[in-house]
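File shown here: entry.cif, holding mmCIF, C-alpha atoms.
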data_entry
#
loop_
_atom_site.group_PDB
_atom_site.id
_atom_site.type_symbol
_atom_site.label_atom_id
_atom_site.label_comp_id
_atom_site.auth_asym_id
_atom_site.auth_seq_id
_atom_site.Cartn_x
_atom_site.Cartn_y
_atom_site.Cartn_z
ATOM 1 C CA THR A 1 89.870 -47.725 27.196
ATOM 2 C CA VAL A 2 92.752 -49.817 26.005
ATOM 3 C CA PRO A 3 96.152 -48.139 26.451
ATOM 4 C CA ALA A 4 97.838 -47.274 23.158
ATOM 5 C CA GLU A 5 101.292 -47.095 24.803
ATOM 6 C CA PRO A 6 101.175 -49.951 27.323
ATOM 7 C CA LEU A 7 103.729 -50.458 30.075
ATOM 8 C CA ILE A 8 103.854 -53.435 32.385
ATOM 9 C CA THR A 9 104.607 -53.326 36.105
ATOM 10 C CA PRO A 10 106.813 -55.844 37.957
ATOM 11 C CA CYS A 11 103.560 -57.360 39.288
ATOM 12 C CA ASP A 12 102.348 -57.895 35.674
ATOM 13 C CA HIS A 13 99.662 -55.217 35.432
ATOM 14 C CA VAL A 14 99.375 -53.240 32.198
ATOM 15 C CA PHE A 15 98.729 -49.512 32.122
ATOM 16 C CA CYS A 16 98.805 -46.636 29.689
ATOM 17 C CA LYS A 17 102.213 -44.921 29.823
ATOM 18 C CA SER A 18 100.949 -41.462 30.817
ATOM 19 C CA CYS A 19 98.482 -42.861 33.365
ATOM 20 C CA ILE A 20 100.965 -45.036 35.237
ATOM 21 C CA HIS A 21 103.581 -42.265 35.292
ATOM 22 C CA GLN A 22 100.999 -39.887 36.734
ATOM 23 C CA VAL A 23 100.117 -42.407 39.474
ATOM 24 C CA LEU A 24 103.763 -43.174 40.270
ATOM 25 C CA ASN A 25 104.569 -39.464 40.574
ATOM 26 C CA ASP A 26 102.119 -39.432 43.483
ATOM 27 C CA ARG A 27 102.939 -42.815 45.049
ATOM 28 C CA ASN A 28 105.364 -45.565 44.141
ATOM 29 C CA LEU A 29 102.669 -48.253 44.287
ATOM 30 C CA CYS A 30 100.888 -50.299 41.645
ATOM 31 C CA PRO A 31 97.314 -48.976 41.417
ATOM 32 C CA ASN A 32 95.889 -52.512 41.158
ATOM 33 C CA ASP A 33 97.510 -54.366 44.034
ATOM 34 C CA ARG A 34 99.422 -51.592 45.884
ATOM 35 C CA ARG A 35 102.738 -53.416 45.572
ATOM 36 C CA PRO A 36 105.860 -51.230 45.456
ATOM 37 C CA CYS A 37 106.590 -50.045 41.929
ATOM 38 C CA THR A 38 108.787 -47.275 40.511
ATOM 39 C CA ALA A 39 108.921 -45.733 37.058
ATOM 40 C CA GLY A 40 112.313 -47.388 36.543
ATOM 41 C CA GLN A 41 110.723 -50.826 36.972
ATOM 42 C CA LEU A 42 108.165 -50.331 34.193
ATOM 43 C CA LYS A 43 108.825 -52.197 30.957
ATOM 44 C CA ARG A 44 107.476 -52.037 27.449
ATOM 45 C CA LEU A 45 105.638 -55.070 26.189
ATOM 46 C CA GLU A 46 107.899 -57.411 24.228
ATOM 47 C CA GLY A 47 107.711 -60.649 22.321
ATOM 48 C CA LEU A 48 104.541 -62.672 22.690
ATOM 49 C CA SER A 49 102.836 -60.200 25.035
ATOM 50 C CA LEU A 50 103.397 -57.385 22.495
ATOM 51 C CA ARG A 51 102.036 -59.510 19.629
ATOM 52 C CA VAL A 52 98.964 -60.460 21.653
ATOM 53 C CA TRP A 53 98.464 -56.859 22.748
ATOM 54 C CA SER A 54 98.814 -55.492 19.221
ATOM 55 C CA GLY A 55 96.138 -57.884 18.003
ATOM 56 C CA ILE A 56 93.458 -56.678 20.411
ATOM 57 C CA GLN A 57 90.489 -55.419 18.415
ATOM 58 C CA VAL A 58 89.067 -52.017 19.347
ATOM 59 C CA LYS A 59 86.526 -49.600 17.958
ATOM 60 C CA CYS A 60 87.077 -45.914 17.335
ATOM 61 C CA GLY A 61 86.579 -43.464 20.190
ATOM 62 C CA GLY A 62 84.255 -41.625 17.796
ATOM 63 C CA TYR A 63 82.015 -44.688 17.485
ATOM 64 C CA ASP A 64 79.108 -43.035 19.329
ATOM 65 C CA SER A 65 79.383 -40.093 16.922
ATOM 66 C CA GLY A 66 79.162 -42.287 13.842
ATOM 67 C CA CYS A 67 82.635 -43.668 13.104
ATOM 68 C CA ALA A 68 82.301 -47.365 12.282
ATOM 69 C CA TRP A 69 86.057 -48.127 12.237
ATOM 70 C CA ARG A 70 87.182 -51.257 14.063
ATOM 71 C CA GLY A 71 90.674 -52.622 14.003
ATOM 72 C CA SER A 72 93.701 -53.633 16.000
ATOM 73 C CA ILE A 73 95.010 -51.463 18.760
ATOM 74 C CA ALA A 74 98.253 -51.251 16.803
ATOM 75 C CA ASP A 75 96.367 -49.350 14.056
ATOM 76 C CA TYR A 76 94.222 -47.231 16.353
ATOM 77 C CA SER A 77 96.558 -44.231 16.733
ATOM 78 C CA PHE A 78 97.061 -44.029 12.961
ATOM 79 C CA HIS A 79 93.296 -44.144 12.392
ATOM 80 C CA VAL A 80 92.587 -41.369 14.905
ATOM 81 C CA GLU A 81 95.384 -39.126 13.657
ATOM 82 C CA ASN A 82 94.825 -39.610 9.905
ATOM 83 C CA ASN A 83 91.498 -41.175 8.953
ATOM 84 C CA CYS A 84 88.819 -40.391 11.516
ATOM 85 C CA SER A 85 86.909 -37.317 10.414
ATOM 86 C CA VAL A 86 84.267 -37.969 13.081
ATOM 87 C CA GLY A 87 86.845 -37.920 15.846
ATOM 88 C CA ARG A 88 88.425 -34.718 14.505
ATOM 89 C CA LYS A 89 85.031 -33.007 14.189
ATOM 90 C CA GLY A 90 84.224 -34.117 17.704
ATOM 91 C CA ASN A 91 87.497 -32.681 18.936
ATOM 92 C CA ILE A 92 86.881 -29.418 17.103
ATOM 93 C CA GLN A 93 83.390 -29.218 18.609
ATOM 94 C CA ASN A 94 84.763 -30.071 22.054
ATOM 95 C CA ASN A 95 87.439 -27.385 21.653
ATOM 96 C CA LYS A 96 84.818 -24.823 20.631
ATOM 97 C CA GLU A 97 82.677 -25.724 23.645
ATOM 98 C CA LEU A 98 85.693 -25.571 25.931
ATOM 99 C CA MET A 99 86.703 -22.175 24.541
ATOM 100 C CA GLU A 100 83.167 -20.869 25.107
ATOM 101 C CA GLU A 101 83.180 -22.207 28.657
ATOM 102 C CA LEU A 102 86.619 -20.693 29.233
ATOM 103 C CA GLU A 103 85.379 -17.296 28.044
ATOM 104 C CA THR A 104 82.314 -17.552 30.295
ATOM 105 C CA LEU A 105 84.500 -18.462 33.273
ATOM 106 C CA ARG A 106 86.875 -15.567 32.545
ATOM 107 C CA HIS A 107 83.917 -13.179 32.471
ATOM 108 C CA GLU A 108 82.545 -14.588 35.747
ATOM 109 C CA ASN A 109 86.012 -14.340 37.251
ATOM 110 C CA LEU A 110 86.252 -10.632 36.370
ATOM 111 C CA GLU A 111 82.796 -9.990 37.843
ATOM 112 C CA LEU A 112 83.723 -11.811 41.052
ATOM 113 C CA LYS A 113 86.979 -9.849 41.328
ATOM 114 C CA GLY A 114 84.977 -6.624 40.973
ATOM 115 C CA GLN A 115 82.529 -7.741 43.647
ATOM 116 C CA LEU A 116 85.391 -8.706 45.928
ATOM 117 C CA LYS A 117 87.041 -5.316 45.423
ATOM 118 C CA ASN A 118 83.759 -3.559 46.245
ATOM 119 C CA ASP A 119 83.215 -5.780 49.280
ATOM 120 C CA ASN A 120 86.749 -5.106 50.509
ATOM 121 C CA GLU A 121 86.249 -1.360 50.098
ATOM 122 C CA ALA A 122 82.929 -1.492 51.972
ATOM 123 C CA TYR A 123 84.577 -3.568 54.718
ATOM 124 C CA ARG A 124 87.407 -1.028 55.019
ATOM 125 C CA GLU A 125 84.938 1.850 55.228
ATOM 126 C CA LEU A 126 82.851 0.054 57.868
ATOM 127 C CA THR A 127 85.976 -0.753 59.876
ATOM 128 C CA GLU A 128 87.020 2.911 59.817
ATOM 129 C CA GLU A 129 83.526 4.013 60.866
ATOM 130 C CA LEU A 130 83.520 1.460 63.684
ATOM 131 C CA GLU A 131 86.858 2.754 64.973
ATOM 132 C CA THR A 132 85.566 6.350 64.841
ATOM 133 C CA LEU A 133 82.453 5.336 66.800
ATOM 134 C CA ARG A 134 84.573 3.482 69.364
ATOM 135 C CA ARG A 135 86.748 6.585 69.894
ATOM 136 C CA GLU A 136 83.664 8.818 70.184
ATOM 137 C CA ASN A 137 82.106 6.347 72.617
ATOM 138 C CA LEU A 138 85.227 6.384 74.809
ATOM 139 C CA GLU A 139 85.266 10.189 74.759
ATOM 140 C CA LEU A 140 81.577 10.349 75.717
ATOM 141 C CA LYS A 141 82.094 7.846 78.535
ATOM 142 C CA GLY A 142 84.920 10.029 79.846
ATOM 143 C CA ARG A 143 82.736 13.147 79.703
ATOM 144 C CA LEU A 144 79.897 11.285 81.421
ATOM 145 C CA GLU A 145 82.240 10.167 84.154
ATOM 146 C CA VAL A 146 83.463 13.749 84.666
ATOM 147 C CA ALA A 147 79.861 15.016 84.674
ATOM 148 C CA ASN A 148 78.814 12.367 87.197
ATOM 149 C CA GLU A 149 81.735 13.291 89.456
ATOM 150 C CA ALA A 150 80.867 16.998 89.205
ATOM 151 C CA ASN A 151 77.233 16.225 89.937
ATOM 152 C CA SER A 152 78.217 14.070 92.911
ATOM 153 C CA ASP A 153 80.458 16.854 94.263
ATOM 154 C CA SER A 154 77.635 19.377 93.789
ATOM 155 C CA GLU A 155 75.195 17.148 95.702
ATOM 156 C CA ASP A 156 77.736 16.855 98.518
ATOM 157 C CA ASP A 157 78.023 20.652 98.634
ATOM 158 C CA ASP A 158 74.205 21.023 98.718
ATOM 159 C CA SER A 159 73.886 18.594 101.589
ATOM 160 C CA ALA A 160 76.339 20.649 103.596
ATOM 161 C CA PHE A 161 73.883 23.600 103.450
ATOM 162 C CA ASP A 162 70.986 21.576 104.799
#
Can you dump the structure from the file as C-alpha cells?
Amino acid sequence: TVPAEPLITPCDHVFCKSCIHQVLNDRNLCPNDRRPCTAGQLKRLEGLSLRVWSGIQVKCGGYDSGCAWRGSIADYSFHVENNCSVGRKGNIQNNKELMEELETLRHENLELKGQLKNDNEAYRELTEELETLRRENLELKGRLEVANEANSDSEDDDSAFD
C-alpha cells in the first residue's frame, strides 16, 4: 500500500505516519536500513517530493470488490471517505463478520472459564482426598509398627517357655 500520510526518515525512506511511529515506539531504528532514527527526526514531505508523491496514481482498496476508481494518492482519502460505496459495504461486512467472531470468542471464553472452574474444583477435591489418604496411610503404618512390635515381644515371650 502507498502511505496516505507519508513521513520521511533522515536516511530518506518514506513510511506511513502511523506505521513508522509504531516501529519507533519499539526501537529507534529505520526499518529499512536499521540506522538510528527518532520520531523527532521524521519530516513531512515538502516541495518537489510532496508534488511527486501527490501525483502517484493508485487504485481503490475496494478494487477487488468492484470499485473501479483510480486516481492520485492525494485524492485517495477523499474517495474512500466520501465516494466509495464498495469500500464502505466491505467495511460494514467486515465489521459484521468481526462482531460475529467476537461473539463466538466470548461464548468460547465463557465455556472455557466454566471448564477451568470445574477442573479447579475437581483438583481441589482430589488434593483433599490425597491428603486424607496420606494421613490414613501414616496412621496405619504406625498401627502396623505397634502390632509388629507386640508380635515380636510375644514371640520372645513364647521362646522363653520352650
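Minimum atom-to-atom distance to Gln57 (chain A), evaluated using only C-alpha atoms, belongs to A:Ile73 out of A:Leu140, A:Cys11, A:Ile73, A:Met99.
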Legend entry - Polymer residues at most 8 Å from Arg70 (chain A), only C-alpha atoms, same-chain spacing of 5 or more positions, as a VMD selection string: chain A and resid 57 to 60
Legend entry - Residue neighbourhood region 13-18 of chain A, 9 Å, only C-alpha atoms, exclusion window fewer than 3 positions, as a VMD selection string: chain A and resid 2 to 10 21 to 23 30 to 33 45
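Excluding Gly55 (chain A) itself and any same-chain residue fewer than 4 positions from it, the protein and nucleic acid residues within 9 Å of it, counting all atoms listed in the file, are Leu50, Arg51, Gly71, Ser72, Ile73 and Ala74 of chain A.
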Please evaluate the PyMOL selection byres ((chain A and resi 40) around 12) against the displayed coordinates and give the resulting residues as an mmCIF file with C-alpha atoms, in the coordinates of the input.
data_model
loop_
_atom_site.group_PDB
_atom_site.id
_atom_site.type_symbol
_atom_site.label_atom_id
_atom_site.label_comp_id
_atom_site.auth_asym_id
_atom_site.auth_seq_id
_atom_site.Cartn_x
_atom_site.Cartn_y
_atom_site.Cartn_z
ATOM 1 C CA LEU A 7 103.729 -50.458 30.075
ATOM 2 C CA ILE A 8 103.854 -53.435 32.385
ATOM 3 C CA THR A 9 104.607 -53.326 36.105
ATOM 4 C CA PRO A 10 106.813 -55.844 37.957
ATOM 5 C CA ILE A 20 100.965 -45.036 35.237
ATOM 6 C CA HIS A 21 103.581 -42.265 35.292
ATOM 7 C CA LEU A 24 103.763 -43.174 40.270
ATOM 8 C CA ASN A 25 104.569 -39.464 40.574
ATOM 9 C CA ASN A 28 105.364 -45.565 44.141
ATOM 10 C CA PRO A 36 105.860 -51.230 45.456
ATOM 11 C CA CYS A 37 106.590 -50.045 41.929
ATOM 12 C CA THR A 38 108.787 -47.275 40.511
ATOM 13 C CA ALA A 39 108.921 -45.733 37.058
ATOM 14 C CA GLN A 41 110.723 -50.826 36.972
ATOM 15 C CA LEU A 42 108.165 -50.331 34.193
ATOM 16 C CA LYS A 43 108.825 -52.197 30.957
ATOM 17 C CA ARG A 44 107.476 -52.037 27.449
#
Inset, instruction - Give me, please, the distance in Å between CA of Asp75 (chain A) and CA of Leu48 (chain A), quoted to one decimal. - result: 17.9 Å
Legend entry - Close residues, Ala68 (chain A) itself excluded, 10 Å, only C-alpha atoms, min 3 positions apart in chain, as a PyMOL selection string: chain A and resi 59-65+84+86
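One distance worth recording is that between CA of Asn151 (chain A) and CA of Glu139 (chain A), which is 18.2 Å.
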Legend entry - Atomic separation - CA of Val52 (chain A) relative to CA of Trp69 (chain A), Å: 20.2 Å
